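As stored in query-v9.cif (mmCIF, C-alpha atoms):
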```
data_data
#
loop_
_atom_site.label_atom_id
_atom_site.label_comp_id
_atom_site.auth_asym_id
_atom_site.auth_seq_id
_atom_site.Cartn_x
_atom_site.Cartn_y
_atom_site.Cartn_z
CA MET A 1 -26.24 -10.88 17.93
CA LEU A 2 -23.46 -9.69 15.60
CA ASN A 3 -25.87 -7.38 13.80
CA THR A 4 -26.45 -5.35 16.95
CA ASN A 5 -22.75 -4.74 17.57
CA ASN A 6 -20.71 -5.32 14.46
CA ASP A 7 -17.67 -3.30 15.52
CA LEU A 8 -15.94 -6.48 16.83
CA GLY A 9 -15.06 -4.67 20.06
CA ALA A 10 -13.46 -1.68 18.33
CA SER A 11 -15.04 0.74 20.80
CA LEU A 12 -13.51 -1.18 23.72
CA PHE A 13 -10.08 -1.48 22.08
CA LYS A 14 -9.95 2.30 21.64
CA THR A 15 -9.81 2.61 25.43
CA TRP A 16 -6.80 0.29 25.71
CA THR A 17 -3.19 1.38 26.00
CA ASP A 18 -0.75 0.60 23.21
CA GLU A 19 0.78 -2.07 25.43
CA GLN A 20 -2.59 -3.77 25.95
CA ARG A 21 -3.24 -3.73 22.20
CA ARG A 22 0.21 -5.16 21.48
CA ASP A 23 -0.24 -7.92 24.06
CA GLU A 24 -3.62 -8.87 22.62
CA ILE A 25 -2.28 -8.99 19.07
CA GLY A 26 0.53 -11.20 20.37
CA LYS A 27 -2.12 -13.56 21.73
CA LEU A 28 -3.83 -13.54 18.35
CA VAL A 29 -0.58 -14.54 16.66
CA GLU A 30 -0.26 -17.44 19.09
CA GLY A 31 -3.84 -18.36 18.23
CA TYR A 32 -2.95 -18.30 14.54
CA ARG A 33 -0.06 -20.65 15.22
CA SER A 34 -2.54 -22.96 16.94
CA GLY A 35 -5.00 -22.94 14.05
CA VAL A 36 -6.93 -19.67 13.96
CA PRO A 37 -7.45 -18.74 10.28
CA VAL A 38 -5.15 -16.01 8.97
CA GLY A 39 -8.14 -13.93 7.84
CA ILE A 40 -9.40 -13.74 11.41
CA LEU A 41 -5.90 -12.90 12.63
CA CYS A 42 -5.65 -9.98 10.21
CA LYS A 43 -9.16 -8.61 10.78
CA MET A 44 -8.95 -8.81 14.56
CA ALA A 45 -5.43 -7.33 14.56
CA GLU A 46 -6.76 -4.40 12.52
CA THR A 47 -9.69 -3.94 14.88
CA ILE A 48 -7.50 -4.05 17.98
CA ALA A 49 -4.73 -1.87 16.55
CA GLY A 50 -7.12 0.71 15.15
CA SER A 51 -5.86 0.63 11.56
CA GLN A 52 -4.43 -1.71 8.98
CA GLU A 53 -1.05 0.02 9.09
CA LEU A 54 -0.73 -0.35 12.86
CA ALA A 55 -1.88 -3.96 12.64
CA LYS A 56 0.75 -4.60 9.97
CA GLU A 57 3.47 -3.19 12.26
CA HIS A 58 2.37 -5.36 15.18
CA LEU A 59 2.09 -8.50 13.08
CA ALA A 60 5.56 -7.92 11.63
CA SER A 61 6.98 -7.64 15.14
CA PHE A 62 5.49 -10.98 16.20
CA MET A 63 5.98 -12.99 13.01
CA THR A 64 9.10 -13.56 10.95
CA LEU A 65 9.06 -12.62 7.28
CA ALA A 66 9.23 -16.32 6.39
CA GLU A 67 6.21 -17.07 8.59
CA ARG A 68 4.24 -14.18 7.09
CA GLN A 69 5.16 -15.23 3.55
CA ALA A 70 4.11 -18.82 4.27
CA ALA A 71 0.75 -17.57 5.58
CA VAL A 72 0.18 -15.64 2.35
CA ASP A 73 1.34 -18.50 0.12
CA LYS A 74 -1.04 -21.05 1.59
CA GLU A 75 -4.16 -18.94 0.96
CA SER A 76 -6.29 -19.05 -2.17
CA ALA A 77 -5.78 -16.34 -4.76
CA SER A 78 -9.00 -14.57 -3.83
CA ILE A 79 -7.90 -13.81 -0.27
CA GLN A 80 -4.15 -13.74 -0.91
CA VAL A 81 -4.21 -10.09 -1.99
CA ILE A 82 -5.93 -9.01 1.21
CA ILE A 83 -3.69 -11.08 3.46
CA ARG A 84 -0.58 -9.84 1.62
CA ASP A 85 -1.56 -6.23 2.44
CA PHE A 86 -1.44 -7.10 6.15
CA LEU A 87 1.57 -9.38 6.27
CA LEU A 88 4.04 -8.27 3.59
#
```

What would the structure in this file look like if it were written as structure tokens?
Amino acid sequence: MLNTNNDLGASLFKTWTDEQRRDEIGKLVEGYRSGVPVGILCKMAETIAGSQELAKEHLASFMTLAERQAAVDKESASIQVIIRDFLL
């Protein structure tokens, strides 16, 4: 199933307004706070926002610096670098 459409909804998100994207990323952050892995949060935020830089801006607006730093700190070294690029 994923092999036939591996854009994670990117084509749909491109049709959304900035407000819709922001709202959806806000929901993702709430999902993270409820247990969604930070890697999924970052990848889906990037897909919804359209770029890593836009995702980073949205995530920073929904999460405090302390919360973002804690998310990075609790990850293993192998993924920490990737997560740091999104959150710090």

Next item on the list: For the file shown, report as number ranges by chain the outcome of the PyMOL selection byres ((chain A and resi 85) around 10) at residue level.
Entry: A: 42, 52-53, 56, 72, 80-84, 86-88

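Coordinates place atom CA of A:Glu67 at a distance of 19.0 Å from atom CA of A:Glu24.
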
Name the residues that the PyMOL selection byres ((chain A and resi 50) around 12) picks from the file above, as a compact mmCIF listing (two decimals) with C-alpha atoms, in the coordinates of the input, using the file's chain letters and numbers.
```
# COMPACT_ATOMS: atom_id res chain seq x y z
CA ASP A 7 -17.67 -3.30 15.52
CA LEU A 8 -15.94 -6.48 16.83
CA GLY A 9 -15.06 -4.67 20.06
CA ALA A 10 -13.46 -1.68 18.33
CA SER A 11 -15.04 0.74 20.80
CA LEU A 12 -13.51 -1.18 23.72
CA PHE A 13 -10.08 -1.48 22.08
CA LYS A 14 -9.95 2.30 21.64
CA THR A 15 -9.81 2.61 25.43
CA TRP A 16 -6.80 0.29 25.71
CA THR A 17 -3.19 1.38 26.00
CA ASP A 18 -0.75 0.60 23.21
CA ARG A 21 -3.24 -3.73 22.20
CA ARG A 22 0.21 -5.16 21.48
CA ILE A 25 -2.28 -8.99 19.07
CA CYS A 42 -5.65 -9.98 10.21
CA LYS A 43 -9.16 -8.61 10.78
CA MET A 44 -8.95 -8.81 14.56
CA ALA A 45 -5.43 -7.33 14.56
CA GLU A 46 -6.76 -4.40 12.52
CA THR A 47 -9.69 -3.94 14.88
CA ILE A 48 -7.50 -4.05 17.98
CA ALA A 49 -4.73 -1.87 16.55
CA SER A 51 -5.86 0.63 11.56
CA GLN A 52 -4.43 -1.71 8.98
CA GLU A 53 -1.05 0.02 9.09
CA LEU A 54 -0.73 -0.35 12.86
CA ALA A 55 -1.88 -3.96 12.64
CA LYS A 56 0.75 -4.60 9.97
CA GLU A 57 3.47 -3.19 12.26
CA HIS A 58 2.37 -5.36 15.18
```

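Distance check against A:Ser76 using only C-alpha atoms: of A:Val38, A:Leu59, A:Glu19, A:Thr64, the minimum falls on A:Val38.
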
Item checked: Between atom CA of A:Ala70 and atom CA of A:Gly26, distance in Å (one decimal) -> 18.2 Å

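You will find atom CA of A:Gln20 at 16.5 Å from atom CA of A:Leu41.
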
Per-axis box centre and lengths in Å around stretch 45-58 of chain A, 4 Å margin per side, axis-aligned, as AutoDock Vina command-line options:
```
--center_x -3.1 --center_y -3.3 --center_z 13.5 --size_x 21.2 --size_y 16.0 --size_z 17.0
```

Please supply stretch 54-65 of chain A, rebuilt with N, CA and C atoms, as a PDB file, in the coordinates of the input.
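As a result, selection05.pdb now contains:
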```pdb
ATOM      1  N   LEU A  54      -1.204   0.014  11.520  1.00  0.00           N
ATOM      2  CA  LEU A  54      -0.730  -0.350  12.860  1.00  0.00           C
ATOM      3  C   LEU A  54      -0.765  -1.858  13.062  1.00  0.00           C
ATOM      4  N   ALA A  55      -1.799  -2.501  12.537  1.00  0.00           N
ATOM      5  CA  ALA A  55      -1.880  -3.960  12.640  1.00  0.00           C
ATOM      6  C   ALA A  55      -0.694  -4.596  11.921  1.00  0.00           C
ATOM      7  N   LYS A  56      -0.369  -4.078  10.752  1.00  0.00           N
ATOM      8  CA  LYS A  56       0.750  -4.600   9.970  1.00  0.00           C
ATOM      9  C   LYS A  56       2.058  -4.496  10.771  1.00  0.00           C
ATOM     10  N   GLU A  57       2.260  -3.378  11.443  1.00  0.00           N
ATOM     11  CA  GLU A  57       3.470  -3.190  12.260  1.00  0.00           C
ATOM     12  C   GLU A  57       3.526  -4.220  13.386  1.00  0.00           C
ATOM     13  N   HIS A  58       2.412  -4.398  14.068  1.00  0.00           N
ATOM     14  CA  HIS A  58       2.370  -5.360  15.180  1.00  0.00           C
ATOM     15  C   HIS A  58       2.611  -6.781  14.685  1.00  0.00           C
ATOM     16  N   LEU A  59       1.940  -7.145  13.609  1.00  0.00           N
ATOM     17  CA  LEU A  59       2.090  -8.500  13.080  1.00  0.00           C
ATOM     18  C   LEU A  59       3.530  -8.763  12.653  1.00  0.00           C
ATOM     19  N   ALA A  60       4.161  -7.767  12.054  1.00  0.00           N
ATOM     20  CA  ALA A  60       5.560  -7.920  11.630  1.00  0.00           C
ATOM     21  C   ALA A  60       6.485  -8.090  12.834  1.00  0.00           C
ATOM     22  N   SER A  61       6.124  -7.504  13.961  1.00  0.00           N
ATOM     23  CA  SER A  61       6.980  -7.640  15.140  1.00  0.00           C
ATOM     24  C   SER A  61       6.843  -9.008  15.798  1.00  0.00           C
ATOM     25  N   PHE A  62       5.714  -9.673  15.585  1.00  0.00           N
ATOM     26  CA  PHE A  62       5.490 -10.980  16.200  1.00  0.00           C
ATOM     27  C   PHE A  62       5.788 -12.154  15.282  1.00  0.00           C
ATOM     28  N   MET A  63       5.805 -11.910  13.979  1.00  0.00           N
ATOM     29  CA  MET A  63       5.980 -12.990  13.010  1.00  0.00           C
ATOM     30  C   MET A  63       7.190 -12.714  12.132  1.00  0.00           C
ATOM     31  N   THR A  64       7.960 -13.741  11.849  1.00  0.00           N
ATOM     32  CA  THR A  64       9.100 -13.560  10.950  1.00  0.00           C
ATOM     33  C   THR A  64       8.575 -13.348   9.528  1.00  0.00           C
ATOM     34  N   LEU A  65       9.433 -12.805   8.686  1.00  0.00           N
ATOM     35  CA  LEU A  65       9.060 -12.620   7.280  1.00  0.00           C
ATOM     36  C   LEU A  65       8.718 -13.966   6.643  1.00  0.00           C
TER      37      LEU A  65
END
```
